[in-house]
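I have placed the structure first, in the form of structure tokens, so that the comments after it can refer back to it.
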Number of protein chains: 2
Amino acid sequence: MDFNLSGKGRRALPQPVTYLMNKGASGDFVSLAAGLVDSETLPAEEVRDLISGLLSERGHEPLQYGINAGLASLREKVRSRVAGQDSTSAADIPLERVVLSTGSQQMLYILTEIMVDPGDIVITSAPSYFVYLGTLQTAGARIVTIPSDRDGMRVDLLAEALEKIEAAGQADRLKIVYVTTYFQNPSGVSLSIERRKALLDTMASFTSMRPLVIEDAAYRELGFSGADKPSMWSFDDGGRNVAYLGTFSKPFSPGFRTGFAFLPENLVEKVEIVKGNHDFGSANFNQHVIDAFLERGLYDKHLSKIRETYRAKCLAMCEAIDREMGESLSYMRPEGGLYVWGDLGEIDTDMQGVFFERCLEEGVLYVPGILCYGEPESAPRSKLRLSFGPACAEEITEGIKRLSKAISSVGSSR
Amino acid sequence: MDFNLSGKGRRALPQPVTYLMNKGASGDFVSLAAGLVDSETLPAEEVRDLISGLLSERGHEPLQYGINAGLASLREKVRSRVAGQDSTSAADIPLERVVLSTGSQQMLYILTEIMVDPGDIVITSAPSYFVYLGTLQTAGARIVTIPSDRDGMRVDLLAEALEKIEAAGQADRLKIVYVTTYFQNPSGVSLSIERRKALLDTMASFTSMRPLVIEDAAYRELGFSGADKPSMWSFDDGGRNVAYLGTFSKPFSPGFRTGFAFLPENLVEKVEIVKGNHDFGSANFNQHVIDAFLERGLYDKHLSKIRETYRAKCLAMCEAIDREMGESLSYMRPEGGLYVWGDLGEIDTDMQGVFFERCLEEGVLYVPGILCYGEPESAPRSKLRLSFGPACAEEITEGIKRLSKAISSVGSSR
């Protein structure tokens with residue numbers, strides 16, 4: 001007799017991407033698949049010096065339990081920081097509404113838990129962040145996707161989708177609209193300012209439903225030029241409908257697993273209760289380290305450095321693509337983030353396909369685009385995500401050469 | 001129109017204990033309520049020196065993402081350590097079955113998620129760990145409690161409860177049997193060796209059900225004398241039915257929020273998938289710190305120190321009780337852990353009662369026993385949990401004096 005799992009336990013299915021990550025970790029491949037950050041850019045020395053000072057100054061406190069919502073001084077800094085980026089007053093949002101989490105992923109998970117029952121609807125753009133798609137599958141959500149273009153989600157098509165949901169009598173089942181607004185994983189595009197506003201206007205015009213809008217801003221600080229847009233959250237009348245999610249994983253260091261959120265007022269208590277059930281607060285030590293890193297002004301210095309690193313590596317990837325693959329791979333040059341989103345035209349990039357097999361033979365890994373679609377049956381099959389995060393410029397160039405060989409070999413065998 | 005929450009979102013209700021923790025944090029009270037560890041014992045200096053060396057030796061690695069299951073070298077050390085404590089061979093369990101989490105609380109949460117649907121049954125002892133009771137409430141579990149005595153859960157009464165469940169046609173709804181085997185929070189008692197075996201035998205004799213047995217060993221290393229019992233897990237035929245949960249929060253430092261589990265083989269994949277949905281791995285940095293702490297032999301040195309500290313503080317509390325309260329508070333002197341579990345006879349310790357009110361006036365906080373019962377309607381109302389964890393000996397004595405005053409004042413007004 002086997003364990004009799006819950007519905008969630010039964011829905012939790014292996015993610016194909018795990019296979020890719022394990023392959024990548026084997027060291028036998030040039031991995032352009034992993035969404036890791038560049039190890040060389042991680043501030044190990046700064047952190048070493050910092051922690052030494054931190055433990056002298058703050059004594060035992062960083063080693064003790066924190067609270068569910070996270071370290072108040074870090075939440076204050078996060079609030080001011082985002083307020084500065086959005087050119088809004090820092091006092092706009094009560095501190096209670098700023099909550100820290102184990103990466104922004106945990107907050108995505110908790111918000112999904114408190115909103116979504118099996119069979120409920122979640123809207124994502126197509127393509128979208130595949131880890132969240134996996135979370136939605138475990139939650140039993142029905143995913144409805146909205147196409148996107150170079151300005152992000154096609155908000156003009158959102159109204160249509162909402163009408164359909166309404167017409168089907170499912171307005172009360174729509175629980176979340178999930179949008180990555182900056183340098184999206186995987187497409188690299190940002191939602192335009194017009195569309196940020198239009199999305200909120202569209203939602204407001206449907207009075208039969210009130211989903212939570214989740215703005216995932218994980219890559220906000222990874223714009224190569226440092227140029228920034230106001231968040232969608234900042235257009236939302238005090239953040240009544242939008243949860244704004246950020247993270248220190250990408251711009252600072254993923255090993256500390258610290259993310260943050262601005263929550264709508266009437267979700268704060270629920271999030272804190274469920275967070276208490278999860279872990280009664282993410283690691284306090286980590287929050288102190290990041291707090292001190294910000295306090296000492298090291299954060300912005302570090303950001304300029306990594307922006308330049310990723311800009312250069314992105315350029316290396318794009319130049320290698322142009323040189324090695326010419327027209328066979330089309331893509332749009334990203335202005336931030338960690339990914340180039342490509343299209344191979346006639347080639348099927350799926351893991352069951354010939355091309356993927358050839359890439360394994362050549363020793364290069366990518367993320368098949370199909371994994372990034374919440375409605376895979378209707379998704380294009382020729383897309384792929386190439387990450388310039390962890391690999392160095394030489395590996396990137398080598399990886400692109402190998403991809404190019406695989407393309408030629410598939411082309412000639414067709 | 002308000003957000004339309006999920007079933008879980010609606011079930012997530014404020015925990016009374018949050019009120020206590022906030023009161024405690026205000027600094028206006030001697031808190032004998034908080035289950036924190038003693039800040040003075042936290043190894044701040046050792047950690048400072050350690051991290052400095054760690055980042056020189058291991059470079060950027062601790063700052064990068066880890067994997068879902070956690071740092072392999074730490075999982076190996078955990079496995080050997082527990083194997084040593086249990087006098088079993090370290091090779092007994094494949095490393096895949098050792099998984100790290102954000103405190104052991106997160107593993108409790110995930111196991112509950114993959115096992116329990118709303119309306120499913122979970123067996124706990126009475127009293128039990130109240131944070132887990134809150135988790136079960138959010139999960140929508142029906143809690144069935146088994147009384148306990150000085151040897152822990154009354155396993156002789158377990159069979160009766162299982163028969164009742166079976167007779168009611170609910171065998172397939174029993175999902176988890178949750179037992180804290182060492183120095184239980186709140187009662188301070190350990191499950192006797194005979195009962196560890198008897199519990200497994202009892203479960204095995206019910207072939208119509210196969211719940212997961214969760215052995216919570218959070219306080220295992222906090223025995224004052226260092227004496228230890230083999231885990232229940234070690235009697236379980238390779239851990240087919242039992243998940244063994246441990247933590248570094250209590251013996252090392254809660255600020256790092258690192259726990260671990262030995263999982264039954266056929267739950268590993270599910271746990272890893274859901275863990276991936278939660279956070280794709282707890283903070284890697286923290287795991288490196290603990291790994292290095294163990295590697296350098298600092299851990300056992302630290303343990304001896306804190307065992308002595310808690311032994312002395314427990315003694316201070318018990319002596320103060322004997323001196324100040326005589327017969328009015330009965331308790332059993334614990335041999336480990338952080339708590340004295342008392343009984344006030346005729347006095348109702350509930351937060352709505354007069355006694356609690358008097359304690360607030362006197363400036364002392366405790367945890368009302370009723371919060372530790374999964375079936376509160378049938379629970380005794382005169383119990384209370386007194387923690388000697390965070391307070392120093394003087395505060396403990398002062399807290400007991402204040403409790404004593406409150407007892408007298410309630411007694412004289414009756």
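Just remember, in the structure tokens the first chain shown is A, the second B, etc., residues are 1-based per chain, and ligands are 1-based in the order shown.
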Would you kindly report the residues of chain A within 6 Å of chain B, using only C-alpha atoms, as a PyMOL selection string?
chain A and resi 3+5-6+8-9+39+44+48+52+60+62-65+105-106+109+114-117+135+210+253-257+277-279+283-285
For the residues in that selection, give me C-alpha atoms as a CSV table (one decimal), in the first residue's frame.
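Final output, saved to again00.csv:
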```csv
chain,number,residue,atom,x,y,z
A,3,PHE,CA,1.0,6.7,0.7
A,5,LEU,CA,-1.3,11.7,-1.3
A,6,SER,CA,-3.4,14.9,-1.3
A,8,LYS,CA,-1.7,18.8,-4.4
A,9,GLY,CA,0.7,15.9,-3.9
A,39,SER,CA,29.3,33.6,-10.1
A,44,ALA,CA,32.0,37.4,-1.9
A,48,ARG,CA,33.0,38.8,4.1
A,52,SER,CA,32.6,40.7,10.2
A,60,HIS,CA,23.7,38.1,18.4
A,62,PRO,CA,21.2,38.3,13.3
A,63,LEU,CA,21.5,34.8,14.7
A,64,GLN,CA,18.2,34.9,16.5
A,65,TYR,CA,14.7,34.3,15.1
A,105,GLN,CA,9.4,32.8,-5.5
A,106,GLN,CA,8.1,32.0,-2.0
A,109,TYR,CA,3.8,30.6,-4.0
A,114,ILE,CA,-4.2,32.0,-0.6
A,115,MET,CA,-5.9,32.9,-3.9
A,116,VAL,CA,-6.2,29.7,-6.0
A,117,ASP,CA,-8.3,26.6,-5.5
A,135,THR,CA,3.7,26.2,-9.3
A,210,ARG,CA,-11.4,41.0,-8.7
A,253,SER,CA,23.1,37.2,-4.4
A,254,PRO,CA,20.8,34.2,-4.8
A,255,GLY,CA,22.5,32.3,-2.0
A,256,PHE,CA,20.8,34.6,0.5
A,257,ARG,CA,17.3,33.8,-1.0
A,277,ASN,CA,2.8,28.3,8.8
A,278,HIS,CA,5.6,27.9,6.2
A,279,ASP,CA,8.6,29.0,8.3
A,283,ALA,CA,16.3,33.6,7.5
A,284,ASN,CA,16.9,36.6,9.7
A,285,PHE,CA,20.7,36.5,9.2
```
Write out as a PDB file with C-alpha atoms, in the first residue's frame each polymer residue whose atoms come within 10 Å of range 158-166 of chain B, counting only C-alpha atoms; drop sequence neighbours fewer than 5 positions from it.
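Resulting contents of selection12.pdb:
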```pdb
ATOM      1  CA  ILE B 121      -7.323  13.330   9.520  1.00  0.00           C
ATOM      2  CA  ILE B 123      -3.224  12.464  14.675  1.00  0.00           C
ATOM      3  CA  SER B 125      -0.506  13.957  20.837  1.00  0.00           C
ATOM      4  CA  VAL B 144      -7.520  13.657  16.401  1.00  0.00           C
ATOM      5  CA  THR B 145      -5.527  13.800  19.618  1.00  0.00           C
ATOM      6  CA  ILE B 146      -4.011  11.073  21.754  1.00  0.00           C
ATOM      7  CA  PRO B 147      -3.366  11.889  25.422  1.00  0.00           C
ATOM      8  CA  MET B 153       2.044   9.898  23.623  1.00  0.00           C
ATOM      9  CA  ALA B 171      -9.084   4.763   7.058  1.00  0.00           C
ATOM     10  CA  ASP B 172      -8.076   6.372   3.767  1.00  0.00           C
ATOM     11  CA  ARG B 173      -8.519   9.838   5.266  1.00  0.00           C
ATOM     12  CA  LEU B 174      -5.895   9.339   7.976  1.00  0.00           C
ATOM     13  CA  VAL B 177       0.607  10.766  12.667  1.00  0.00           C
ATOM     14  CA  ALA B 198       5.028   0.192  19.985  1.00  0.00           C
ATOM     15  CA  LEU B 199       3.840   3.113  17.892  1.00  0.00           C
ATOM     16  CA  THR B 202       0.547  -0.393  16.155  1.00  0.00           C
ATOM     17  CA  MET B 203       0.622   1.418  12.824  1.00  0.00           C
ATOM     18  CA  SER B 205      -1.058  -3.712  12.472  1.00  0.00           C
ATOM     19  CA  PHE B 206      -3.582  -1.479  10.710  1.00  0.00           C
ATOM     20  CA  SER B 208      -6.245  -0.512   5.927  1.00  0.00           C
ATOM     21  CA  MET B 209      -4.358   2.758   6.329  1.00  0.00           C
TER      22      MET B 209
END
```
Which residues are close to Ala217 in chain B, i.e. within 8 Å by only C-alpha atoms, leaving aside same-chain residues fewer than 5 positions away? Reply as a list in words.
Thr180, Thr181, Tyr182, Tyr244, Leu245, Gly246 and Thr247 of chain B
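Selecting strand (DSSP E or B) from the backbone DSSP output for range 77-168 of chain A yields Val98, Val99, Leu100, Ser101, Thr102, Ile121, Val122, Ile123, Thr124, Ser125, Ala126, Arg142, Ile143, Val144, Thr145, Ile146, Pro147, Ser148, Asp149, Gly152 and Met153 of chain A.
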Let's have the selection written as a JSON list (two decimals), in the first residue's frame, with N, CA and C atoms.
```json
[["chain", "number", "residue", "atom", "x", "y", "z"],
["A", 98, "VAL", "N", 4.83, 45.76, 3.59],
["A", 98, "VAL", "CA", 6.08, 45.29, 2.99],
["A", 98, "VAL", "C", 6.50, 44.01, 3.72],
["A", 99, "VAL", "N", 6.56, 42.92, 3.00],
["A", 99, "VAL", "CA", 6.85, 41.62, 3.62],
["A", 99, "VAL", "C", 8.00, 40.94, 2.87],
["A", 100, "LEU", "N", 8.94, 40.38, 3.63],
["A", 100, "LEU", "CA", 10.08, 39.69, 3.02],
["A", 100, "LEU", "C", 9.77, 38.20, 2.87],
["A", 101, "SER", "N", 10.45, 37.56, 1.95],
["A", 101, "SER", "CA", 10.20, 36.13, 1.70],
["A", 101, "SER", "C", 11.50, 35.45, 1.26],
["A", 102, "THR", "N", 11.44, 34.12, 1.16],
["A", 102, "THR", "CA", 12.59, 33.34, 0.71],
["A", 102, "THR", "C", 12.66, 33.41, -0.81],
["A", 121, "ILE", "N", -8.81, 30.08, -12.28],
["A", 121, "ILE", "CA", -8.11, 30.57, -13.48],
["A", 121, "ILE", "C", -7.01, 31.56, -13.10],
["A", 122, "VAL", "N", -5.86, 31.41, -13.75],
["A", 122, "VAL", "CA", -4.78, 32.38, -13.62],
["A", 122, "VAL", "C", -4.37, 32.80, -15.03],
["A", 123, "ILE", "N", -4.26, 34.10, -15.22],
["A", 123, "ILE", "CA", -3.83, 34.62, -16.52],
["A", 123, "ILE", "C", -2.33, 34.92, -16.47],
["A", 124, "THR", "N", -1.62, 34.43, -17.47],
["A", 124, "THR", "CA", -0.20, 34.77, -17.62],
["A", 124, "THR", "C", 0.01, 35.22, -19.05],
["A", 125, "SER", "N", 1.12, 35.87, -19.30],
["A", 125, "SER", "CA", 1.46, 36.17, -20.68],
["A", 125, "SER", "C", 2.03, 34.91, -21.32],
["A", 126, "ALA", "N", 2.08, 34.90, -22.63],
["A", 126, "ALA", "CA", 2.70, 33.80, -23.37],
["A", 126, "ALA", "C", 3.82, 34.41, -24.20],
["A", 142, "ARG", "N", -6.17, 26.55, -13.76],
["A", 142, "ARG", "CA", -6.32, 26.58, -15.21],
["A", 142, "ARG", "C", -5.61, 27.84, -15.70],
["A", 143, "ILE", "N", -4.69, 27.67, -16.63],
["A", 143, "ILE", "CA", -3.93, 28.83, -17.09],
["A", 143, "ILE", "C", -4.50, 29.34, -18.40],
["A", 144, "VAL", "N", -4.75, 30.63, -18.44],
["A", 144, "VAL", "CA", -5.17, 31.29, -19.67],
["A", 144, "VAL", "C", -4.05, 32.23, -20.07],
["A", 145, "THR", "N", -3.59, 32.14, -21.31],
["A", 145, "THR", "CA", -2.44, 32.94, -21.71],
["A", 145, "THR", "C", -2.83, 34.05, -22.67],
["A", 146, "ILE", "N", -2.10, 35.14, -22.55],
["A", 146, "ILE", "CA", -2.28, 36.30, -23.42],
["A", 146, "ILE", "C", -0.98, 36.47, -24.20],
["A", 147, "PRO", "N", -1.05, 36.53, -25.52],
["A", 147, "PRO", "CA", 0.18, 36.69, -26.31],
["A", 147, "PRO", "C", 0.93, 37.96, -25.93],
["A", 148, "SER", "N", 2.20, 37.97, -26.24],
["A", 148, "SER", "CA", 2.98, 39.19, -25.99],
["A", 148, "SER", "C", 3.82, 39.54, -27.21],
["A", 149, "ASP", "N", 4.26, 40.78, -27.26],
["A", 149, "ASP", "CA", 5.13, 41.22, -28.35],
["A", 149, "ASP", "C", 6.29, 42.01, -27.75],
["A", 152, "GLY", "N", 5.70, 43.59, -24.40],
["A", 152, "GLY", "CA", 5.17, 42.75, -23.33],
["A", 152, "GLY", "C", 3.77, 42.26, -23.63],
["A", 153, "MET", "N", 3.06, 41.90, -22.59],
["A", 153, "MET", "CA", 1.72, 41.31, -22.76],
["A", 153, "MET", "C", 0.84, 42.20, -23.63]]
```
Quick one: residues within 10 Å of range 188-197 of chain A, only C-alpha atoms counted, chain neighbours fewer than 6 positions away excluded, as an MDAnalysis selection string?
chainID A and resid 148:156 179:182 215 217 219:220 229:236 332:341 385
Could you tell me, as a PyMOL selection string, which residues of range 202-361 of chain B DSSP assigns to helix (DSSP H, G or I) when given the backbone?
chain B and resi 202-205+220-222+233-235+254-256+265-279+284-295+298-328+354-361
When you look at Phe388 in chain A with a cut-off of 7 Å (counting only C-alpha atoms), what residues show up, excluding the ones that are within fewer than 5 positions of it in the same chain? I need them as a PyMOL selection string.
chain A and resi 32+313-314+317+338-339+396
Take the residues that were just selected and, keeping N, CA and C atoms, output them as a short mmCIF file (atom, residue, chain, number, x, y, z; two decimals), in the first residue's frame.
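Result file out_1.cif:
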```cif
data_model
loop_
_atom_site.label_atom_id
_atom_site.label_comp_id
_atom_site.auth_asym_id
_atom_site.auth_seq_id
_atom_site.Cartn_x
_atom_site.Cartn_y
_atom_site.Cartn_z
N LEU A 32 23.55 27.01 -21.75
CA LEU A 32 22.90 28.31 -21.95
C LEU A 32 21.46 28.21 -21.44
N LYS A 313 28.12 40.66 -21.66
CA LYS A 313 27.89 39.25 -22.00
C LYS A 313 26.71 39.09 -22.96
N CYS A 314 25.73 39.94 -22.79
CA CYS A 314 24.60 39.93 -23.72
C CYS A 314 25.09 40.29 -25.13
N MET A 317 26.87 37.46 -26.68
CA MET A 317 25.94 36.45 -27.18
C MET A 317 25.30 36.90 -28.49
N LEU A 338 18.66 38.52 -18.20
CA LEU A 338 19.68 37.48 -18.37
C LEU A 338 19.46 36.62 -19.60
N TYR A 339 18.48 36.99 -20.46
CA TYR A 339 18.08 36.03 -21.49
C TYR A 339 17.94 36.64 -22.88
N ILE A 396 29.96 31.41 -23.81
CA ILE A 396 28.79 31.85 -24.58
C ILE A 396 29.07 31.68 -26.08
#
```
Quote the spacing between CA of Glu375 in chain A and CA of Ser128 in chain A in Å to one decimal place.
10.4 Å
